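Before any comments, here is the structure.
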Amino acid sequence: MQAYPIPAATVSFSEEIKKSRFTTILAATPGIEAAKAFIQHVREEHASAGHHCWAFVAGAPDDAQQLGFSDDGEPSGTAGKPMLAQLMGSGIGEITAVVVRYYGGIPLGTGGLVKAYGGGVQQALKQISLQEKVLQKEYGLQCDYALLPQVESLIFQLGGKMLHSEYGVDVVLQVSIPVRATEEAAVRLRDLSRGALHLVPIPQ
């Protein structure tokens with residue numbers, strides 16, 4: 001995956017179902033630690049609520065290693081799973097949903113809970129604004145001084161960044177290039193230098 005949508009801003013959606021108040025909050029969370037920090041923040045902000053159910057897709061939408069969910073005291077399978085299903089179906093990455101429930105005294109039953117928690121996330125997703133996250137990869141590059149301006153210009157044209165430069169006999173560069181542009185970068189650098197410039201991947 002070379003790029004994917006992520007939330008551009010936090011979104012909140014509230015509704016009342018049989019006197020229980022459900023508030024769904026969606027936020028951008030790049031990574032599991034950020035997701036957990038956001039969940040904790042919502043818990044503290046709504047400390048008097050009966051339940052703080054949550055689900056997250058903390059990495060790319062297709063990264064099964066960075067998923068999580070919790071029913072937080074609701075019957076098993078009635079909150080976290082339907083919430084996660086909505087997030088995974090959206091194709092959005094780096095997103096966490098927390099649904100805060102203030103209990104109104106009327107039981108909803110398992111079907112009603114699934115509908116309330118899953119539906120809250122579904123409604124909040126309709127309001128969300130997105131931005132694109134372009135995945136970047138880091139490379140090392142040894143460059144002749146004479147070619148440096150052209151190399152810098154090429155990296156910027158392709159949406160990349162210059163991360164670090166060391167000036168010795170040659171210039172040793174550390175650059176970041178969008179994954180989708182790496183092949184084009186390699187070809188154009190070779191053409192520019194008559195085959196002298198090679199991108200060396202930096203393990204991350």
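Just remember, in the structure tokens the first chain shown is A, the second B, etc., residues are 1-based per chain, and ligands are 1-based in the order shown.
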Checklist line | Picked from stretch 37-188 of chain A by DSSP as helix (DSSP H, G or I), as an MDAnalysis selection string | finding: chainID A and resid 37:45 64:66 80:90 109:127 145:157 179:188
Next item on the list: Just the residues within 7 Å of A:Ala8, please, counting only C-alpha atoms, with nothing from its chain fewer than 4 positions along; format it as number ranges by chain.
Entry: A: 129-131
File of the preceding selection, C-alpha atoms, as a compact mmCIF listing (two decimals), in the first residue's frame:
# COMPACT_ATOMS: atom_id res chain seq x y z
CA SER A 129 -12.96 14.77 6.63
CA LEU A 130 -9.95 12.91 5.27
CA GLN A 131 -6.41 13.57 4.12
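Taking atom CA of A:Ala181 and atom CA of A:Leu158 as the two end points, the separation is 6.4 Å.
For A:Leu87, the residues within 9 Å (counting only C-alpha atoms, excluding itself and residues fewer than 5 positions away along the chain) are Ala55, Phe56, Val57, Pro61, Pro82, Ile92, Gly93, Ile95, Thr96, Ala97, Val121, Gln122 and Leu125 of chain A.
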Next item on the list: Once DSSP has gone over the backbone, tell me which residues of stretch 21-190 of chain A are in strand (DSSP E), as number ranges by chain.
Entry: A: 21-28, 51-57, 67-70, 95-102, 130-134, 136-143, 161-167, 171-178
I'd like the contact shell of A:Ser14 - 9 Å cut-off, only C-alpha atoms, skipping same-chain residues fewer than 5 positions apart - returned as an mmCIF file with C-alpha atoms, in the first residue's frame.
data_model
loop_
_atom_site.group_PDB
_atom_site.id
_atom_site.type_symbol
_atom_site.label_atom_id
_atom_site.label_comp_id
_atom_site.auth_asym_id
_atom_site.auth_seq_id
_atom_site.Cartn_x
_atom_site.Cartn_y
_atom_site.Cartn_z
ATOM 1 C CA ARG A 21 -26.833 8.691 25.577
ATOM 2 C CA PHE A 22 -24.241 7.424 23.089
ATOM 3 C CA THR A 23 -21.421 9.730 21.976
ATOM 4 C CA THR A 24 -19.046 8.466 19.289
ATOM 5 C CA ILE A 25 -15.674 10.186 18.904
ATOM 6 C CA GLY A 120 -22.767 5.401 16.033
ATOM 7 C CA ALA A 124 -19.622 9.546 12.666
#
Item checked: Residue among A:Glu16, A:Glu94, A:Asp72, A:Asp62 lying closest to A:Thr29, counting only C-alpha atoms ->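 Closest residue, counting only C-alpha atoms: A:Glu94.
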Note to self: Excluding A:Ala58 and its own-chain neighbours fewer than 4 positions away, which residues fall within 12 Å of it when counting only C-alpha atoms? Please give them as a PyMOL selection string.
What the structure shows: chain A and resi 6-7+27-38+62-69+84+87-88+92-97
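Taking only C-alpha atoms into account, A:Gly112 lies nearest to A:Ile17 out of the set A:Gly140, A:Pro149, A:Leu163, A:Ile17.
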Contacts of A:Tyr139 within 8 Å, only C-alpha atoms, excl. fewer than 5 positions in-chain, as an mmCIF file with N, CA, C and O atoms, in the first residue's frame:
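So out.cif came out as:
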data_model
loop_
_atom_site.group_PDB
_atom_site.id
_atom_site.type_symbol
_atom_site.label_atom_id
_atom_site.label_comp_id
_atom_site.auth_asym_id
_atom_site.auth_seq_id
_atom_site.Cartn_x
_atom_site.Cartn_y
_atom_site.Cartn_z
ATOM 1 N N GLN A 174 20.939 11.435 3.155
ATOM 2 C CA GLN A 174 19.858 10.552 3.606
ATOM 3 C C GLN A 174 18.575 11.218 3.139
ATOM 4 O O GLN A 174 18.314 12.382 3.484
ATOM 5 N N VAL A 175 17.804 10.509 2.311
ATOM 6 C CA VAL A 175 16.598 11.096 1.725
ATOM 7 C C VAL A 175 15.380 10.217 2.020
ATOM 8 O O VAL A 175 15.508 9.028 2.311
ATOM 9 N N SER A 176 14.208 10.835 1.949
ATOM 10 C CA SER A 176 12.948 10.123 2.113
ATOM 11 C C SER A 176 12.134 10.345 0.843
ATOM 12 O O SER A 176 11.948 11.490 0.418
ATOM 13 N N ILE A 177 11.675 9.251 0.222
ATOM 14 C CA ILE A 177 10.972 9.329 -1.060
ATOM 15 C C ILE A 177 9.641 8.582 -0.947
ATOM 16 O O ILE A 177 9.597 7.499 -0.361
ATOM 17 N N LEU A 199 20.283 4.481 -5.178
ATOM 18 C CA LEU A 199 19.580 4.587 -3.902
ATOM 19 C C LEU A 199 19.833 3.320 -3.093
ATOM 20 O O LEU A 199 19.613 2.213 -3.591
ATOM 21 N N VAL A 200 20.303 3.489 -1.847
ATOM 22 C CA VAL A 200 20.556 2.343 -0.969
ATOM 23 C C VAL A 200 19.506 2.365 0.146
ATOM 24 O O VAL A 200 19.482 3.303 0.953
ATOM 25 N N PRO A 201 18.608 1.358 0.211
ATOM 26 C CA PRO A 201 17.556 1.372 1.244
ATOM 27 C C PRO A 201 18.153 1.389 2.651
ATOM 28 O O PRO A 201 19.128 0.699 2.936
ATOM 29 N N ILE A 202 17.557 2.203 3.532
ATOM 30 C CA ILE A 202 17.958 2.255 4.945
ATOM 31 C C ILE A 202 16.941 1.440 5.735
ATOM 32 O O ILE A 202 15.731 1.760 5.678
#
Just the residues within 12 Å of A:Ser20, please, counting only C-alpha atoms, with nothing from its chain fewer than 2 positions along; format it as a PDB file with all heavy atoms, in the first residue's frame.
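Output file out_1.pdb follows:
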ATOM      1  N   SER A  14     -23.471  12.314  18.504  1.00  0.00           N
ATOM      2  CA  SER A  14     -24.241  11.894  19.686  1.00  0.00           C
ATOM      3  C   SER A  14     -25.679  11.562  19.312  1.00  0.00           C
ATOM      4  O   SER A  14     -26.261  12.201  18.429  1.00  0.00           O
ATOM      5  CB  SER A  14     -24.252  13.007  20.740  1.00  0.00           C
ATOM      6  OG  SER A  14     -22.968  13.172  21.285  1.00  0.00           O
ATOM      7  N   GLU A  15     -26.222  10.561  20.006  1.00  0.00           N
ATOM      8  CA  GLU A  15     -27.646  10.257  19.837  1.00  0.00           C
ATOM      9  C   GLU A  15     -28.170   9.637  21.132  1.00  0.00           C
ATOM     10  O   GLU A  15     -27.404   9.077  21.926  1.00  0.00           O
ATOM     11  CB  GLU A  15     -27.888   9.321  18.648  1.00  0.00           C
ATOM     12  CG  GLU A  15     -27.244   7.959  18.766  1.00  0.00           C
ATOM     13  CD  GLU A  15     -27.488   7.085  17.543  1.00  0.00           C
ATOM     14  OE1 GLU A  15     -28.492   7.319  16.825  1.00  0.00           O
ATOM     15  OE2 GLU A  15     -26.690   6.167  17.314  1.00  0.00           O
ATOM     16  N   GLU A  16     -29.490   9.732  21.329  1.00  0.00           N
ATOM     17  CA  GLU A  16     -30.129   9.124  22.491  1.00  0.00           C
ATOM     18  C   GLU A  16     -30.967   7.941  22.029  1.00  0.00           C
ATOM     19  O   GLU A  16     -31.751   8.060  21.091  1.00  0.00           O
ATOM     20  CB  GLU A  16     -31.008  10.143  23.220  1.00  0.00           C
ATOM     21  CG  GLU A  16     -31.451   9.652  24.577  1.00  0.00           C
ATOM     22  CD  GLU A  16     -32.180  10.731  25.386  1.00  0.00           C
ATOM     23  OE1 GLU A  16     -31.560  11.753  25.718  1.00  0.00           O
ATOM     24  OE2 GLU A  16     -33.373  10.524  25.653  1.00  0.00           O
ATOM     25  N   ILE A  17     -30.738   6.764  22.634  1.00  0.00           N
ATOM     26  CA  ILE A  17     -31.496   5.558  22.294  1.00  0.00           C
ATOM     27  C   ILE A  17     -32.070   4.995  23.597  1.00  0.00           C
ATOM     28  O   ILE A  17     -31.315   4.614  24.493  1.00  0.00           O
ATOM     29  CB  ILE A  17     -30.598   4.503  21.604  1.00  0.00           C
ATOM     30  CG1 ILE A  17     -29.938   5.089  20.354  1.00  0.00           C
ATOM     31  CG2 ILE A  17     -31.404   3.262  21.262  1.00  0.00           C
ATOM     32  CD1 ILE A  17     -28.852   4.230  19.762  1.00  0.00           C
ATOM     33  N   LYS A  18     -33.390   4.979  23.710  1.00  0.00           N
ATOM     34  CA  LYS A  18     -34.071   4.483  24.916  1.00  0.00           C
ATOM     35  C   LYS A  18     -33.450   5.071  26.190  1.00  0.00           C
ATOM     36  O   LYS A  18     -33.065   4.356  27.111  1.00  0.00           O
ATOM     37  CB  LYS A  18     -34.041   2.958  24.964  1.00  0.00           C
ATOM     38  CG  LYS A  18     -34.894   2.302  23.895  1.00  0.00           C
ATOM     39  CD  LYS A  18     -34.966   0.805  24.100  1.00  0.00           C
ATOM     40  CE  LYS A  18     -35.839   0.151  23.052  1.00  0.00           C
ATOM     41  NZ  LYS A  18     -35.848  -1.314  23.168  1.00  0.00           N
ATOM     42  N   PHE A  22     -25.441   7.981  23.728  1.00  0.00           N
ATOM     43  CA  PHE A  22     -24.241   7.424  23.089  1.00  0.00           C
ATOM     44  C   PHE A  22     -23.498   8.543  22.362  1.00  0.00           C
ATOM     45  O   PHE A  22     -24.090   9.216  21.508  1.00  0.00           O
ATOM     46  CB  PHE A  22     -24.615   6.344  22.063  1.00  0.00           C
ATOM     47  CG  PHE A  22     -25.175   5.087  22.670  1.00  0.00           C
ATOM     48  CD1 PHE A  22     -26.532   4.986  22.961  1.00  0.00           C
ATOM     49  CD2 PHE A  22     -24.347   4.001  22.949  1.00  0.00           C
ATOM     50  CE1 PHE A  22     -27.058   3.821  23.514  1.00  0.00           C
ATOM     51  CE2 PHE A  22     -24.869   2.836  23.508  1.00  0.00           C
ATOM     52  CZ  PHE A  22     -26.218   2.744  23.790  1.00  0.00           C
ATOM     53  N   THR A  23     -22.250   8.750  22.684  1.00  0.00           N
ATOM     54  CA  THR A  23     -21.421   9.730  21.976  1.00  0.00           C
ATOM     55  C   THR A  23     -20.237   9.000  21.348  1.00  0.00           C
ATOM     56  O   THR A  23     -19.452   8.362  22.043  1.00  0.00           O
ATOM     57  CB  THR A  23     -20.916  10.833  22.928  1.00  0.00           C
ATOM     58  OG1 THR A  23     -22.046  11.533  23.475  1.00  0.00           O
ATOM     59  CG2 THR A  23     -20.036  11.837  22.200  1.00  0.00           C
ATOM     60  N   ALA A  49     -19.250   8.358  32.757  1.00  0.00           N
ATOM     61  CA  ALA A  49     -20.002   7.468  31.852  1.00  0.00           C
ATOM     62  C   ALA A  49     -19.885   6.018  32.308  1.00  0.00           C
ATOM     63  O   ALA A  49     -18.897   5.625  32.939  1.00  0.00           O
ATOM     64  CB  ALA A  49     -19.483   7.611  30.422  1.00  0.00           C
ATOM     65  N   GLY A  50     -20.901   5.207  31.964  1.00  0.00           N
ATOM     66  CA  GLY A  50     -20.909   3.800  32.371  1.00  0.00           C
ATOM     67  C   GLY A  50     -19.964   2.939  31.544  1.00  0.00           C
ATOM     68  O   GLY A  50     -19.388   1.970  32.045  1.00  0.00           O
ATOM     69  N   HIS A  51     -19.820   3.272  30.266  1.00  0.00           N
ATOM     70  CA  HIS A  51     -18.984   2.465  29.371  1.00  0.00           C
ATOM     71  C   HIS A  51     -18.195   3.369  28.424  1.00  0.00           C
ATOM     72  O   HIS A  51     -18.704   4.391  27.975  1.00  0.00           O
ATOM     73  CB  HIS A  51     -19.847   1.510  28.525  1.00  0.00           C
ATOM     74  CG  HIS A  51     -20.696   0.588  29.345  1.00  0.00           C
ATOM     75  ND1 HIS A  51     -20.220  -0.589  29.889  1.00  0.00           N
ATOM     76  CD2 HIS A  51     -21.998   0.687  29.723  1.00  0.00           C
ATOM     77  CE1 HIS A  51     -21.192  -1.177  30.565  1.00  0.00           C
ATOM     78  NE2 HIS A  51     -22.280  -0.422  30.484  1.00  0.00           N
ATOM     79  N   VAL A 100     -18.895   6.511  24.036  1.00  0.00           N
ATOM     80  CA  VAL A 100     -19.160   6.743  25.460  1.00  0.00           C
ATOM     81  C   VAL A 100     -20.659   6.555  25.681  1.00  0.00           C
ATOM     82  O   VAL A 100     -21.474   7.160  24.975  1.00  0.00           O
ATOM     83  CB  VAL A 100     -18.759   8.186  25.848  1.00  0.00           C
ATOM     84  CG1 VAL A 100     -19.087   8.453  27.306  1.00  0.00           C
ATOM     85  CG2 VAL A 100     -17.277   8.414  25.567  1.00  0.00           C
ATOM     86  N   ARG A 101     -21.032   5.701  26.658  1.00  0.00           N
ATOM     87  CA  ARG A 101     -22.458   5.475  26.931  1.00  0.00           C
ATOM     88  C   ARG A 101     -22.811   5.905  28.344  1.00  0.00           C
ATOM     89  O   ARG A 101     -22.207   5.454  29.324  1.00  0.00           O
ATOM     90  CB  ARG A 101     -22.810   3.998  26.758  1.00  0.00           C
ATOM     91  CG  ARG A 101     -24.307   3.731  27.009  1.00  0.00           C
ATOM     92  CD  ARG A 101     -24.636   2.252  27.041  1.00  0.00           C
ATOM     93  NE  ARG A 101     -26.075   2.034  27.144  1.00  0.00           N
ATOM     94  CZ  ARG A 101     -26.641   0.857  27.369  1.00  0.00           C
ATOM     95  NH1 ARG A 101     -25.892  -0.221  27.502  1.00  0.00           N
ATOM     96  NH2 ARG A 101     -27.953   0.749  27.474  1.00  0.00           N
ATOM     97  N   TYR A 102     -23.787   6.795  28.424  1.00  0.00           N
ATOM     98  CA  TYR A 102     -24.402   7.146  29.714  1.00  0.00           C
ATOM     99  C   TYR A 102     -25.716   6.365  29.782  1.00  0.00           C
ATOM    100  O   TYR A 102     -26.639   6.627  29.009  1.00  0.00           O
ATOM    101  CB  TYR A 102     -24.668   8.651  29.790  1.00  0.00           C
ATOM    102  CG  TYR A 102     -23.404   9.478  29.898  1.00  0.00           C
ATOM    103  CD1 TYR A 102     -22.766   9.954  28.754  1.00  0.00           C
ATOM    104  CD2 TYR A 102     -22.848   9.775  31.142  1.00  0.00           C
ATOM    105  CE1 TYR A 102     -21.601  10.717  28.849  1.00  0.00           C
ATOM    106  CE2 TYR A 102     -21.684  10.541  31.248  1.00  0.00           C
ATOM    107  CZ  TYR A 102     -21.072  11.002  30.097  1.00  0.00           C
ATOM    108  OH  TYR A 102     -19.924  11.756  30.191  1.00  0.00           O
ATOM    109  N   TYR A 103     -25.786   5.398  30.681  1.00  0.00           N
ATOM    110  CA  TYR A 103     -26.929   4.472  30.753  1.00  0.00           C
ATOM    111  C   TYR A 103     -28.203   5.178  31.225  1.00  0.00           C
ATOM    112  O   TYR A 103     -28.182   5.941  32.186  1.00  0.00           O
ATOM    113  CB  TYR A 103     -26.581   3.317  31.697  1.00  0.00           C
ATOM    114  CG  TYR A 103     -27.622   2.231  31.772  1.00  0.00           C
ATOM    115  CD1 TYR A 103     -28.084   1.605  30.623  1.00  0.00           C
ATOM    116  CD2 TYR A 103     -28.144   1.825  33.004  1.00  0.00           C
ATOM    117  CE1 TYR A 103     -29.035   0.591  30.682  1.00  0.00           C
ATOM    118  CE2 TYR A 103     -29.090   0.814  33.077  1.00  0.00           C
ATOM    119  CZ  TYR A 103     -29.536   0.204  31.912  1.00  0.00           C
ATOM    120  OH  TYR A 103     -30.478  -0.798  31.985  1.00  0.00           O
ATOM    121  N   GLY A 104     -29.303   4.897  30.486  1.00  0.00           N
ATOM    122  CA  GLY A 104     -30.561   5.574  30.799  1.00  0.00           C
ATOM    123  C   GLY A 104     -31.560   4.728  31.573  1.00  0.00           C
ATOM    124  O   GLY A 104     -32.686   5.149  31.815  1.00  0.00           O
ATOM    125  N   GLY A 105     -31.160   3.487  31.937  1.00  0.00           N
ATOM    126  CA  GLY A 105     -32.040   2.663  32.763  1.00  0.00           C
ATOM    127  C   GLY A 105     -32.877   1.663  32.006  1.00  0.00           C
ATOM    128  O   GLY A 105     -33.555   0.827  32.605  1.00  0.00           O
ATOM    129  N   ILE A 106     -32.883   1.731  30.664  1.00  0.00           N
ATOM    130  CA  ILE A 106     -33.670   0.774  29.871  1.00  0.00           C
ATOM    131  C   ILE A 106     -32.710  -0.143  29.107  1.00  0.00           C
ATOM    132  O   ILE A 106     -31.936   0.337  28.276  1.00  0.00           O
ATOM    133  CB  ILE A 106     -34.599   1.508  28.867  1.00  0.00           C
ATOM    134  CG1 ILE A 106     -35.560   2.441  29.621  1.00  0.00           C
ATOM    135  CG2 ILE A 106     -35.383   0.504  28.013  1.00  0.00           C
ATOM    136  CD1 ILE A 106     -36.363   3.363  28.718  1.00  0.00           C
ATOM    137  N   PRO A 107     -32.741  -1.469  29.363  1.00  0.00           N
ATOM    138  CA  PRO A 107     -31.841  -2.380  28.638  1.00  0.00           C
ATOM    139  C   PRO A 107     -32.148  -2.379  27.134  1.00  0.00           C
ATOM    140  O   PRO A 107     -33.309  -2.299  26.730  1.00  0.00           O
ATOM    141  CB  PRO A 107     -32.126  -3.756  29.247  1.00  0.00           C
ATOM    142  CG  PRO A 107     -32.825  -3.469  30.547  1.00  0.00           C
ATOM    143  CD  PRO A 107     -33.558  -2.181  30.354  1.00  0.00           C
ATOM    144  N   LEU A 108     -31.108  -2.470  26.310  1.00  0.00           N
ATOM    145  CA  LEU A 108     -31.298  -2.451  24.858  1.00  0.00           C
ATOM    146  C   LEU A 108     -31.279  -3.855  24.244  1.00  0.00           C
ATOM    147  O   LEU A 108     -31.675  -4.033  23.099  1.00  0.00           O
ATOM    148  CB  LEU A 108     -30.188  -1.619  24.185  1.00  0.00           C
ATOM    149  CG  LEU A 108     -30.150  -0.128  24.516  1.00  0.00           C
ATOM    150  CD1 LEU A 108     -29.009   0.545  23.788  1.00  0.00           C
ATOM    151  CD2 LEU A 108     -31.457   0.541  24.126  1.00  0.00           C
ATOM    152  N   GLY A 112     -29.831  -4.581  20.067  1.00  0.00           N
ATOM    153  CA  GLY A 112     -29.905  -3.128  20.192  1.00  0.00           C
ATOM    154  C   GLY A 112     -28.544  -2.498  20.457  1.00  0.00           C
ATOM    155  O   GLY A 112     -28.238  -1.414  19.946  1.00  0.00           O
ATOM    156  N   LEU A 113     -27.718  -3.200  21.260  1.00  0.00           N
ATOM    157  CA  LEU A 113     -26.373  -2.680  21.551  1.00  0.00           C
ATOM    158  C   LEU A 113     -25.491  -2.699  20.306  1.00  0.00           C
ATOM    159  O   LEU A 113     -24.790  -1.724  20.015  1.00  0.00           O
ATOM    160  CB  LEU A 113     -25.721  -3.507  22.672  1.00  0.00           C
ATOM    161  CG  LEU A 113     -26.312  -3.311  24.068  1.00  0.00           C
ATOM    162  CD1 LEU A 113     -25.732  -4.340  25.034  1.00  0.00           C
ATOM    163  CD2 LEU A 113     -26.055  -1.898  24.581  1.00  0.00           C
ATOM    164  N   ALA A 116     -26.543   0.118  18.188  1.00  0.00           N
ATOM    165  CA  ALA A 116     -26.184   1.419  18.766  1.00  0.00           C
ATOM    166  C   ALA A 116     -24.688   1.718  18.590  1.00  0.00           C
ATOM    167  O   ALA A 116     -24.305   2.815  18.147  1.00  0.00           O
ATOM    168  CB  ALA A 116     -26.555   1.458  20.251  1.00  0.00           C
ATOM    169  N   TYR A 117     -23.847   0.745  18.925  1.00  0.00           N
ATOM    170  CA  TYR A 117     -22.393   0.977  18.849  1.00  0.00           C
ATOM    171  C   TYR A 117     -21.898   1.010  17.403  1.00  0.00           C
ATOM    172  O   TYR A 117     -21.142   1.911  17.013  1.00  0.00           O
ATOM    173  CB  TYR A 117     -21.643  -0.077  19.669  1.00  0.00           C
ATOM    174  CG  TYR A 117     -21.712   0.184  21.152  1.00  0.00           C
ATOM    175  CD1 TYR A 117     -22.572  -0.538  21.977  1.00  0.00           C
ATOM    176  CD2 TYR A 117     -20.923   1.174  21.733  1.00  0.00           C
ATOM    177  CE1 TYR A 117     -22.644  -0.282  23.346  1.00  0.00           C
ATOM    178  CE2 TYR A 117     -20.989   1.438  23.101  1.00  0.00           C
ATOM    179  CZ  TYR A 117     -21.852   0.710  23.893  1.00  0.00           C
ATOM    180  OH  TYR A 117     -21.922   0.978  25.247  1.00  0.00           O
TER     181      TYR A 117
END
